[in-house]
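Trainee: model11.cif is reproduced in full below (mmCIF, C-alpha atoms).
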data_upload
loop_
_atom_site.group_PDB
_atom_site.id
_atom_site.type_symbol
_atom_site.label_atom_id
_atom_site.label_comp_id
_atom_site.auth_asym_id
_atom_site.auth_seq_id
_atom_site.Cartn_x
_atom_site.Cartn_y
_atom_site.Cartn_z
ATOM 1 C CA ALA T 1 108.089 -56.614 82.112
ATOM 2 C CA GLN T 2 106.474 -59.549 83.811
ATOM 3 C CA SER T 3 107.699 -63.115 83.739
ATOM 4 C CA VAL T 4 107.405 -66.256 85.781
ATOM 5 C CA THR T 5 109.853 -69.136 85.993
ATOM 6 C CA GLN T 6 109.091 -72.541 87.386
ATOM 7 C CA LEU T 7 112.479 -73.912 88.238
ATOM 8 C CA ASP T 8 111.673 -77.608 87.936
ATOM 9 C CA SER T 9 109.849 -79.239 85.073
ATOM 10 C CA HIS T 10 109.412 -82.459 87.041
ATOM 11 C CA VAL T 11 109.449 -83.202 90.764
ATOM 12 C CA SER T 12 109.145 -86.683 92.213
ATOM 13 C CA VAL T 13 108.582 -87.345 95.923
ATOM 14 C CA SER T 14 107.539 -90.279 98.048
ATOM 15 C CA GLU T 15 104.086 -90.395 99.542
ATOM 16 C CA GLY T 16 104.085 -88.805 102.982
ATOM 17 C CA THR T 17 107.152 -86.633 102.364
ATOM 18 C CA PRO T 18 107.159 -82.843 101.874
ATOM 19 C CA VAL T 19 106.520 -81.208 98.526
ATOM 20 C CA LEU T 20 108.302 -78.101 97.254
ATOM 21 C CA LEU T 21 107.489 -76.607 93.850
ATOM 22 C CA ARG T 22 109.525 -73.532 93.060
ATOM 23 C CA CYS T 23 108.381 -70.375 91.312
ATOM 24 C CA ASN T 24 110.216 -67.111 90.738
ATOM 25 C CA TYR T 25 108.607 -64.061 89.205
ATOM 26 C CA SER T 26 109.545 -60.735 87.749
ATOM 27 C CA SER T 27 107.107 -57.862 87.818
ATOM 28 C CA SER T 28 107.375 -54.104 87.564
ATOM 29 C CA TYR T 29 104.157 -53.699 89.527
ATOM 30 C CA SER T 30 102.593 -55.186 92.611
ATOM 31 C CA PRO T 31 101.823 -58.678 91.404
ATOM 32 C CA SER T 32 99.017 -61.050 92.060
ATOM 33 C CA LEU T 33 100.335 -64.583 92.167
ATOM 34 C CA PHE T 34 98.445 -67.822 91.788
ATOM 35 C CA TRP T 35 99.026 -71.533 91.791
ATOM 36 C CA TYR T 36 96.797 -73.743 89.675
ATOM 37 C CA VAL T 37 96.687 -77.532 89.536
ATOM 38 C CA GLN T 38 95.727 -79.566 86.502
ATOM 39 C CA HIS T 39 94.953 -83.243 86.882
ATOM 40 C CA PRO T 40 95.068 -85.441 83.770
ATOM 41 C CA ASN T 41 92.282 -84.657 81.333
ATOM 42 C CA LYS T 42 90.938 -81.907 83.582
ATOM 43 C CA GLY T 43 90.819 -78.143 83.515
ATOM 44 C CA LEU T 44 92.866 -75.878 85.784
ATOM 45 C CA GLN T 45 91.794 -75.582 89.389
ATOM 46 C CA LEU T 46 92.830 -72.704 91.615
ATOM 47 C CA LEU T 47 94.946 -73.872 94.567
ATOM 48 C CA LEU T 48 95.678 -70.528 96.168
ATOM 49 C CA LYS T 49 96.369 -66.873 95.447
ATOM 50 C CA TYR T 50 98.368 -63.950 96.804
ATOM 51 C CA THR T 51 97.020 -60.431 96.328
ATOM 52 C CA SER T 52 99.100 -58.232 98.689
ATOM 53 C CA ALA T 53 97.507 -59.349 101.923
ATOM 54 C CA ALA T 54 99.183 -61.973 104.142
ATOM 55 C CA THR T 55 102.454 -63.236 102.681
ATOM 56 C CA LEU T 56 101.758 -66.823 103.755
ATOM 57 C CA VAL T 57 98.808 -68.072 101.790
ATOM 58 C CA LYS T 58 96.929 -71.244 102.573
ATOM 59 C CA GLY T 59 95.117 -73.072 99.826
ATOM 60 C CA ILE T 60 93.119 -76.184 99.281
ATOM 61 C CA ASN T 61 94.250 -79.763 99.922
ATOM 62 C CA GLY T 62 96.881 -78.727 102.474
ATOM 63 C CA PHE T 63 98.968 -76.620 100.102
ATOM 64 C CA GLU T 64 100.420 -73.278 101.010
ATOM 65 C CA ALA T 65 102.764 -70.732 99.466
ATOM 66 C CA GLU T 66 104.826 -67.880 100.806
ATOM 67 C CA PHE T 67 105.328 -64.621 98.954
ATOM 68 C CA LYS T 68 108.909 -63.419 99.442
ATOM 69 C CA LYS T 69 109.393 -60.049 97.812
ATOM 70 C CA SER T 70 113.121 -59.919 98.549
ATOM 71 C CA GLU T 71 113.627 -63.219 96.731
ATOM 72 C CA THR T 72 110.874 -62.626 94.149
ATOM 73 C CA SER T 73 109.627 -66.094 94.903
ATOM 74 C CA PHE T 74 106.281 -67.779 95.489
ATOM 75 C CA HIS T 75 107.123 -71.407 96.213
ATOM 76 C CA LEU T 76 104.368 -73.953 96.752
ATOM 77 C CA THR T 77 104.685 -76.409 99.624
ATOM 78 C CA LYS T 78 102.817 -79.226 101.297
ATOM 79 C CA PRO T 79 104.012 -81.025 104.429
ATOM 80 C CA SER T 80 102.981 -84.506 103.357
ATOM 81 C CA ALA T 81 102.364 -85.637 99.792
ATOM 82 C CA HIS T 82 99.394 -87.784 98.880
ATOM 83 C CA MET T 83 99.023 -89.954 95.805
ATOM 84 C CA SER T 84 96.158 -87.736 94.642
ATOM 85 C CA ASP T 85 98.539 -84.765 94.433
ATOM 86 C CA ALA T 86 100.101 -86.179 91.271
ATOM 87 C CA ALA T 87 99.332 -83.539 88.641
ATOM 88 C CA GLU T 88 100.716 -80.590 86.710
ATOM 89 C CA TYR T 89 101.125 -77.351 88.662
ATOM 90 C CA PHE T 90 101.243 -73.883 87.154
ATOM 91 C CA CYS T 91 102.462 -70.674 88.735
ATOM 92 C CA VAL T 92 100.744 -67.574 87.332
ATOM 93 C CA VAL T 93 101.452 -63.860 87.743
ATOM 94 C CA THR T 94 99.137 -60.974 86.916
ATOM 95 C CA LEU T 95 99.044 -57.253 87.478
ATOM 96 C CA TYR T 96 97.256 -56.443 90.712
ATOM 97 C CA SER T 97 94.833 -53.915 89.319
ATOM 98 C CA SER T 98 94.275 -55.338 85.897
ATOM 99 C CA ALA T 99 93.761 -58.731 84.362
ATOM 100 C CA SER T 100 95.123 -57.548 81.075
ATOM 101 C CA LYS T 101 98.450 -59.361 81.440
ATOM 102 C CA ILE T 102 98.510 -62.902 82.720
ATOM 103 C CA ILE T 103 101.704 -64.901 82.517
ATOM 104 C CA PHE T 104 101.827 -68.662 83.008
ATOM 105 C CA GLY T 105 104.866 -70.568 84.113
ATOM 106 C CA SER T 106 105.851 -73.569 82.043
ATOM 107 C CA GLY T 107 104.478 -75.987 84.610
ATOM 108 C CA THR T 108 105.893 -78.552 87.026
ATOM 109 C CA ARG T 109 104.804 -82.157 86.860
ATOM 110 C CA LEU T 110 104.554 -83.658 90.319
ATOM 111 C CA SER T 111 104.896 -87.425 90.625
ATOM 112 C CA ILE T 112 104.267 -89.302 93.851
ATOM 113 C CA ARG T 113 106.066 -92.570 94.575
ATOM 114 C CA PRO T 114 104.220 -95.139 96.724
ATOM 115 C CA GLU O 115 77.982 -70.398 92.054
ATOM 116 C CA ALA O 116 78.105 -72.166 88.697
ATOM 117 C CA GLY O 117 81.520 -72.461 87.097
ATOM 118 C CA VAL O 118 82.692 -71.777 83.583
ATOM 119 C CA ALA O 119 80.798 -74.001 81.154
ATOM 120 C CA GLN O 120 82.293 -75.267 77.924
ATOM 121 C CA SER O 121 81.033 -77.443 75.108
ATOM 122 C CA PRO O 122 81.646 -79.743 73.454
ATOM 123 C CA ARG O 123 84.079 -81.488 75.777
ATOM 124 C CA TYR O 124 85.583 -83.605 73.019
ATOM 125 C CA LYS O 125 85.737 -83.224 69.261
ATOM 126 C CA ILE O 126 87.514 -85.145 66.523
ATOM 127 C CA ILE O 127 87.598 -83.627 63.040
ATOM 128 C CA GLU O 128 89.556 -84.070 59.855
ATOM 129 C CA LYS O 129 92.027 -81.446 58.740
ATOM 130 C CA ARG O 130 90.503 -78.640 56.711
ATOM 131 C CA GLN O 131 87.163 -79.070 58.471
ATOM 132 C CA SER O 132 85.752 -76.452 60.793
ATOM 133 C CA VAL O 133 84.869 -76.585 64.469
ATOM 134 C CA ALA O 134 83.289 -74.255 66.996
ATOM 135 C CA PHE O 135 83.590 -74.186 70.766
ATOM 136 C CA TRP O 136 81.216 -72.455 73.131
ATOM 137 C CA CYS O 137 81.869 -70.950 76.529
ATOM 138 C CA ASN O 138 79.582 -69.509 79.176
ATOM 139 C CA PRO O 139 81.567 -67.660 81.871
ATOM 140 C CA ILE O 140 80.712 -67.248 85.507
ATOM 141 C CA SER O 141 77.778 -64.882 85.863
ATOM 142 C CA GLY O 142 78.871 -61.267 86.139
ATOM 143 C CA HIS O 143 82.448 -61.848 84.992
ATOM 144 C CA ALA O 144 83.335 -59.133 82.528
ATOM 145 C CA THR O 145 86.595 -60.661 81.357
ATOM 146 C CA LEU O 146 86.635 -63.818 79.253
ATOM 147 C CA TYR O 147 89.690 -65.635 77.952
ATOM 148 C CA TRP O 148 90.345 -68.380 75.447
ATOM 149 C CA TYR O 149 93.548 -70.360 75.908
ATOM 150 C CA GLN O 150 95.101 -73.077 73.782
ATOM 151 C CA GLN O 151 96.982 -75.794 75.639
ATOM 152 C CA ILE O 152 99.012 -78.219 73.576
ATOM 153 C CA LEU O 153 99.867 -81.486 75.285
ATOM 154 C CA GLY O 154 102.820 -81.075 77.624
ATOM 155 C CA GLN O 155 102.777 -77.287 77.500
ATOM 156 C CA GLY O 156 101.290 -74.465 79.507
ATOM 157 C CA PRO O 157 98.220 -72.572 78.336
ATOM 158 C CA LYS O 158 98.718 -69.925 75.670
ATOM 159 C CA LEU O 159 96.341 -66.972 75.530
ATOM 160 C CA LEU O 160 94.507 -66.770 72.223
ATOM 161 C CA ILE O 161 92.110 -63.923 72.928
ATOM 162 C CA GLN O 162 90.839 -61.867 75.834
ATOM 163 C CA PHE O 163 87.518 -60.032 75.954
ATOM 164 C CA GLN O 164 86.418 -57.268 78.288
ATOM 165 C CA ASN O 165 82.630 -57.380 78.033
ATOM 166 C CA ASN O 166 82.101 -57.576 74.257
ATOM 167 C CA GLY O 167 85.340 -55.837 73.279
ATOM 168 C CA VAL O 168 88.645 -57.487 72.412
ATOM 169 C CA VAL O 169 91.491 -56.569 74.783
ATOM 170 C CA ASP O 170 94.220 -58.826 73.400
ATOM 171 C CA ASP O 171 94.202 -61.090 70.353
ATOM 172 C CA SER O 172 97.870 -60.778 69.481
ATOM 173 C CA GLN O 173 98.442 -64.549 69.540
ATOM 174 C CA LEU O 174 95.277 -65.538 67.700
ATOM 175 C CA PRO O 175 96.029 -66.999 64.234
ATOM 176 C CA LYS O 176 93.523 -64.780 62.530
ATOM 177 C CA ASP O 177 93.734 -66.524 59.188
ATOM 178 C CA ARG O 178 91.937 -69.528 60.656
ATOM 179 C CA PHE O 179 90.764 -68.672 64.167
ATOM 180 C CA SER O 180 87.949 -66.318 65.086
ATOM 181 C CA ALA O 181 86.132 -65.556 68.310
ATOM 182 C CA GLU O 182 83.206 -63.433 69.309
ATOM 183 C CA ARG O 183 81.355 -62.364 72.411
ATOM 184 C CA LEU O 184 78.548 -60.399 70.901
ATOM 185 C CA LYS O 185 76.442 -59.701 73.979
ATOM 186 C CA GLY O 186 79.289 -59.629 76.456
ATOM 187 C CA VAL O 187 78.270 -62.903 78.062
ATOM 188 C CA ASP O 188 78.938 -66.203 76.302
ATOM 189 C CA SER O 189 81.528 -66.641 73.607
ATOM 190 C CA THR O 190 82.312 -68.816 70.603
ATOM 191 C CA LEU O 191 85.725 -69.780 69.275
ATOM 192 C CA LYS O 192 85.875 -71.041 65.701
ATOM 193 C CA ILE O 193 88.629 -72.740 63.734
ATOM 194 C CA GLN O 194 88.318 -72.902 59.969
ATOM 195 C CA PRO O 195 90.048 -74.683 58.325
ATOM 196 C CA ALA O 196 91.639 -76.837 61.006
ATOM 197 C CA LYS O 197 95.210 -78.059 60.802
ATOM 198 C CA LEU O 198 96.840 -81.019 62.511
ATOM 199 C CA GLU O 199 98.775 -78.673 64.808
ATOM 200 C CA ASP O 200 95.496 -77.289 66.162
ATOM 201 C CA SER O 201 95.054 -80.480 68.171
ATOM 202 C CA ALA O 202 94.948 -79.185 71.726
ATOM 203 C CA VAL O 203 92.728 -78.399 74.648
ATOM 204 C CA TYR O 204 90.872 -75.113 74.328
ATOM 205 C CA LEU O 205 90.325 -73.619 77.751
ATOM 206 C CA CYS O 206 87.859 -70.887 78.463
ATOM 207 C CA ALA O 207 88.280 -68.797 81.581
ATOM 208 C CA SER O 208 86.676 -65.781 83.167
ATOM 209 C CA SER O 209 87.522 -63.239 85.812
ATOM 210 C CA SER O 210 86.156 -60.175 87.547
ATOM 211 C CA ILE O 211 87.736 -57.286 89.431
ATOM 212 C CA HIS O 212 85.189 -58.011 92.136
ATOM 213 C CA SER O 213 86.821 -61.391 92.756
ATOM 214 C CA GLY O 214 90.371 -60.054 92.829
ATOM 215 C CA ASN O 215 90.944 -60.875 89.168
ATOM 216 C CA THR O 216 91.205 -64.562 89.999
ATOM 217 C CA ILE O 217 90.858 -66.536 86.785
ATOM 218 C CA TYR O 218 88.427 -69.414 86.834
ATOM 219 C CA PHE O 219 88.785 -72.093 84.175
ATOM 220 C CA GLY O 220 86.339 -74.395 82.504
ATOM 221 C CA GLU O 221 87.036 -78.096 82.008
ATOM 222 C CA GLY O 222 88.228 -77.486 78.457
ATOM 223 C CA SER O 223 87.278 -78.621 74.984
ATOM 224 C CA TRP O 224 89.591 -81.328 73.671
ATOM 225 C CA LEU O 225 90.200 -81.133 69.942
ATOM 226 C CA THR O 226 91.864 -83.816 67.864
ATOM 227 C CA VAL O 227 92.519 -83.060 64.207
ATOM 228 C CA VAL O 228 93.242 -86.129 62.073
#
In structure tokens, what does this structure look like?
Mentor:
Amino acid sequence: AQSVTQLDSHVSVSEGTPVLLRCNYSSSYSPSLFWYVQHPNKGLQLLLKYTSAATLVKGINGFEAEFKKSETSFHLTKPSAHMSDAAEYFCVVTLYSSASKIIFGSGTRLSIRP
Amino acid sequence: EAGVAQSPRYKIIEKRQSVAFWCNPISGHATLYWYQQILGQGPKLLIQFQNNGVVDDSQLPKDRFSAERLKGVDSTLKIQPAKLEDSAVYLCASSSIHSGNTIYFGEGSWLTVV
């Protein structure tokens, strides 16, 4: 069975400090893992994805995530937060060879303090 | 490459009225999804199409919701009659095995039922 858990519903950081959004997954198969960002009143935008290539994945806007199979984690990080990063972030897991099962995490709201 | 197109972007209707949302996926994407996202929650899959066939509609309230993708390209989601709890954003998304099953989302159709 597949599942994905976002460990924090809300994260607040100061501008210019590092960001860490945590995601753990459970999958019986080789997973594809994604992070999406949703700004207020907007649709979901793909930040980055892991599909069994390099374990360290770089995405847009300075974000990156590392796939750690031993820890079943896919945490999202950014070295220095910007005010424009304030948004909702979703971790998503799918089967590698099929899009028939897509599981969303519950989301993490990122707030940035000036 | 054009993204996933959705219309209308915003709709306000009274309860018991009907509404229809339209989605045009990215060209060549065989898989099309409709998600419902209630404020403060993650997206919930309503229905998934593979070409013009339904792959998963287990969470679609079939007494009031219907969806079709007759020619395997664009799709329509209908709600009739609407209830207050149907107020949500309806997200259309598409994917293709040729793009690693990455799911691309439209901007969403925002429904308010009063």
Trainee: Which residues fall under the PyMOL selection byres ((chain O) within 9 of (chain T)) in this file, as a PyMOL selection string?
Mentor: chain O and resi 145+154-159+162+169-170+205+209-211+214-222+224
Trainee: Pick the closest to Ser9 of chain T from T:Ile60, T:Ser30, T:Ala87, T:Val93: which is it, counting all atoms listed in the file?
Mentor: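 That would be T:Ala87, the residue with the smallest distance to Ser9 of chain T.
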Trainee: Give me the residues within 8 Å of Ala86 of chain T as a PyMOL selection string, counting all atoms listed in the file and dropping any in the same chain fewer than 2 places off.
Mentor: chain T and resi 39+82-84+88+109-112
Trainee: Any idea what's packed within 10 Å of Tyr124 of chain O, counting all atoms listed in the file, ignoring anything in its chain fewer than 5 positions away? Could you give it as a list in words?
Mentor: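 Selected residues are Phe135, Val203, Gly222, Ser223, Trp224, Leu225 and Thr226 of chain O.
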Trainee: Give, as AutoDock Vina command-line options, the centre coordinates and the x, y and z edge lengths in Å to one decimal for an axis-aligned box around all listed atoms of segment 188-191 of chain O, padded by 8 Å on each side.
Mentor:
--center_x 82.3 --center_y -68.0 --center_z 72.8 --size_x 22.8 --size_y 19.6 --size_z 23.0
Trainee: Once the PyMOL selection byres ((chain O and resi 167) around 12) has been evaluated on this model, what residues remain selected, and can you format them as a ChimeraX atom specification?
Mentor: /O:144-147,161-166,168-171,181-187,189
Trainee: Just want the 8 Å neighbourhood of Gly16 of chain T, counted on only C-alpha atoms, with same-chain residues fewer than 4 positions away dropped. Output as a VMD selection string.
Mentor: chain T and resid 79 to 82
Trainee: Could you give me, as a ChimeraX atom specification, the residues that sit within 7 Å of (108.6, -74.4, 96.6) in the file's coordinates, counting all atoms listed in the file?
Mentor: /T:20-23,75-77
Trainee: Should you be able to, write segment 67-79 of chain T of this structure into a file that contains all heavy atoms, as an mmCIF file, in the first residue's frame.
Mentor:
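To be explicit, this is the file written out as out_17.cif:
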data_model
loop_
_atom_site.group_PDB
_atom_site.id
_atom_site.type_symbol
_atom_site.label_atom_id
_atom_site.label_comp_id
_atom_site.auth_asym_id
_atom_site.auth_seq_id
_atom_site.Cartn_x
_atom_site.Cartn_y
_atom_site.Cartn_z
ATOM 1 N N PHE T 67 16.088 11.976 -2.066
ATOM 2 C CA PHE T 67 15.407 10.702 -1.863
ATOM 3 C C PHE T 67 16.297 9.802 -1.015
ATOM 4 O O PHE T 67 17.430 9.503 -1.393
ATOM 5 C CB PHE T 67 15.127 10.035 -3.211
ATOM 6 C CG PHE T 67 14.568 8.650 -3.114
ATOM 7 C CD1 PHE T 67 13.284 8.438 -2.647
ATOM 8 C CD2 PHE T 67 15.324 7.550 -3.503
ATOM 9 C CE1 PHE T 67 12.757 7.164 -2.560
ATOM 10 C CE2 PHE T 67 14.810 6.262 -3.416
ATOM 11 C CZ PHE T 67 13.527 6.070 -2.946
ATOM 12 N N LYS T 68 15.796 9.403 0.148
ATOM 13 C CA LYS T 68 16.547 8.512 1.036
ATOM 14 C C LYS T 68 15.717 7.249 1.236
ATOM 15 O O LYS T 68 14.792 7.221 2.052
ATOM 16 C CB LYS T 68 16.835 9.195 2.370
ATOM 17 C CG LYS T 68 17.824 10.344 2.253
ATOM 18 C CD LYS T 68 18.197 10.877 3.634
ATOM 19 C CE LYS T 68 19.253 11.971 3.518
ATOM 20 N NZ LYS T 68 19.640 12.514 4.842
ATOM 21 N N LYS T 69 16.111 6.205 0.507
ATOM 22 C CA LYS T 69 15.329 4.971 0.560
ATOM 23 C C LYS T 69 15.355 4.355 1.949
ATOM 24 O O LYS T 69 14.342 3.843 2.438
ATOM 25 C CB LYS T 69 15.864 3.986 -0.479
ATOM 26 C CG LYS T 69 15.020 2.738 -0.638
ATOM 27 C CD LYS T 69 15.527 1.876 -1.784
ATOM 28 C CE LYS T 69 14.645 0.647 -1.962
ATOM 29 N NZ LYS T 69 15.101 -0.181 -3.101
ATOM 30 N N SER T 70 16.505 4.407 2.606
ATOM 31 C CA SER T 70 16.637 3.774 3.924
ATOM 32 C C SER T 70 15.736 4.440 4.960
ATOM 33 O O SER T 70 15.293 3.796 5.916
ATOM 34 C CB SER T 70 18.088 3.822 4.389
ATOM 35 O OG SER T 70 18.519 5.167 4.487
ATOM 36 N N GLU T 71 15.470 5.728 4.762
ATOM 37 C CA GLU T 71 14.620 6.464 5.700
ATOM 38 C C GLU T 71 13.211 6.670 5.138
ATOM 39 O O GLU T 71 12.388 7.283 5.808
ATOM 40 C CB GLU T 71 15.259 7.823 6.018
ATOM 41 C CG GLU T 71 16.622 7.709 6.666
ATOM 42 C CD GLU T 71 17.284 9.064 6.881
ATOM 43 O OE1 GLU T 71 16.596 10.094 6.718
ATOM 44 O OE2 GLU T 71 18.485 9.088 7.207
ATOM 45 N N THR T 72 12.982 6.200 3.951
ATOM 46 C CA THR T 72 11.713 6.421 3.221
ATOM 47 C C THR T 72 11.282 7.879 3.324
ATOM 48 O O THR T 72 10.139 8.196 3.687
ATOM 49 C CB THR T 72 10.583 5.485 3.700
ATOM 50 O OG1 THR T 72 10.315 5.735 5.085
ATOM 51 C CG2 THR T 72 10.945 4.038 3.497
ATOM 52 N N SER T 73 12.240 8.753 3.010
ATOM 53 C CA SER T 73 11.943 10.174 3.115
ATOM 54 C C SER T 73 12.255 10.900 1.813
ATOM 55 O O SER T 73 13.060 10.422 0.986
ATOM 56 C CB SER T 73 12.744 10.802 4.247
ATOM 57 O OG SER T 73 14.133 10.827 3.936
ATOM 58 N N PHE T 74 11.630 12.039 1.647
ATOM 59 C CA PHE T 74 11.852 12.891 0.472
ATOM 60 C C PHE T 74 11.632 14.326 0.927
ATOM 61 O O PHE T 74 10.687 14.995 0.521
ATOM 62 C CB PHE T 74 10.894 12.488 -0.646
ATOM 63 C CG PHE T 74 11.176 13.129 -1.978
ATOM 64 C CD1 PHE T 74 12.420 13.000 -2.591
ATOM 65 C CD2 PHE T 74 10.194 13.847 -2.640
ATOM 66 C CE1 PHE T 74 12.681 13.570 -3.829
ATOM 67 C CE2 PHE T 74 10.442 14.429 -3.887
ATOM 68 C CZ PHE T 74 11.687 14.286 -4.468
ATOM 69 N N HIS T 75 12.507 14.808 1.786
ATOM 70 C CA HIS T 75 12.358 16.132 2.380
ATOM 71 C C HIS T 75 12.741 17.239 1.390
ATOM 72 O O HIS T 75 13.711 17.097 0.640
ATOM 73 C CB HIS T 75 13.216 16.264 3.628
ATOM 74 C CG HIS T 75 12.880 15.265 4.688
ATOM 75 N ND1 HIS T 75 11.638 14.674 4.814
ATOM 76 C CD2 HIS T 75 13.649 14.742 5.695
ATOM 77 C CE1 HIS T 75 11.644 13.832 5.835
ATOM 78 N NE2 HIS T 75 12.844 13.847 6.388
ATOM 79 N N LEU T 76 12.012 18.316 1.455
ATOM 80 C CA LEU T 76 12.230 19.465 0.582
ATOM 81 C C LEU T 76 13.028 20.526 1.343
ATOM 82 O O LEU T 76 12.689 20.848 2.487
ATOM 83 C CB LEU T 76 10.884 20.044 0.135
ATOM 84 C CG LEU T 76 10.923 21.236 -0.822
ATOM 85 C CD1 LEU T 76 11.397 20.804 -2.204
ATOM 86 C CD2 LEU T 76 9.544 21.882 -0.915
ATOM 87 N N THR T 77 14.054 21.061 0.701
ATOM 88 C CA THR T 77 14.878 22.066 1.363
ATOM 89 C C THR T 77 15.165 23.239 0.445
ATOM 90 O O THR T 77 15.065 23.133 -0.790
ATOM 91 C CB THR T 77 16.226 21.473 1.828
ATOM 92 O OG1 THR T 77 16.940 20.984 0.669
ATOM 93 C CG2 THR T 77 16.027 20.336 2.815
ATOM 94 N N LYS T 78 15.517 24.346 1.082
ATOM 95 C CA LYS T 78 15.977 25.530 0.355
ATOM 96 C C LYS T 78 16.914 26.271 1.281
ATOM 97 O O LYS T 78 16.593 26.454 2.466
ATOM 98 C CB LYS T 78 14.800 26.417 -0.056
ATOM 99 C CG LYS T 78 15.234 27.631 -0.872
ATOM 100 C CD LYS T 78 14.034 28.409 -1.405
ATOM 101 C CE LYS T 78 14.507 29.618 -2.216
ATOM 102 N NZ LYS T 78 13.374 30.369 -2.830
ATOM 103 N N PRO T 79 18.080 26.682 0.814
ATOM 104 C CA PRO T 79 19.075 27.273 1.712
ATOM 105 C C PRO T 79 18.634 28.597 2.326
ATOM 106 O O PRO T 79 18.959 28.889 3.470
ATOM 107 C CB PRO T 79 20.297 27.490 0.802
ATOM 108 C CG PRO T 79 20.060 26.641 -0.388
ATOM 109 C CD PRO T 79 18.593 26.519 -0.543
#
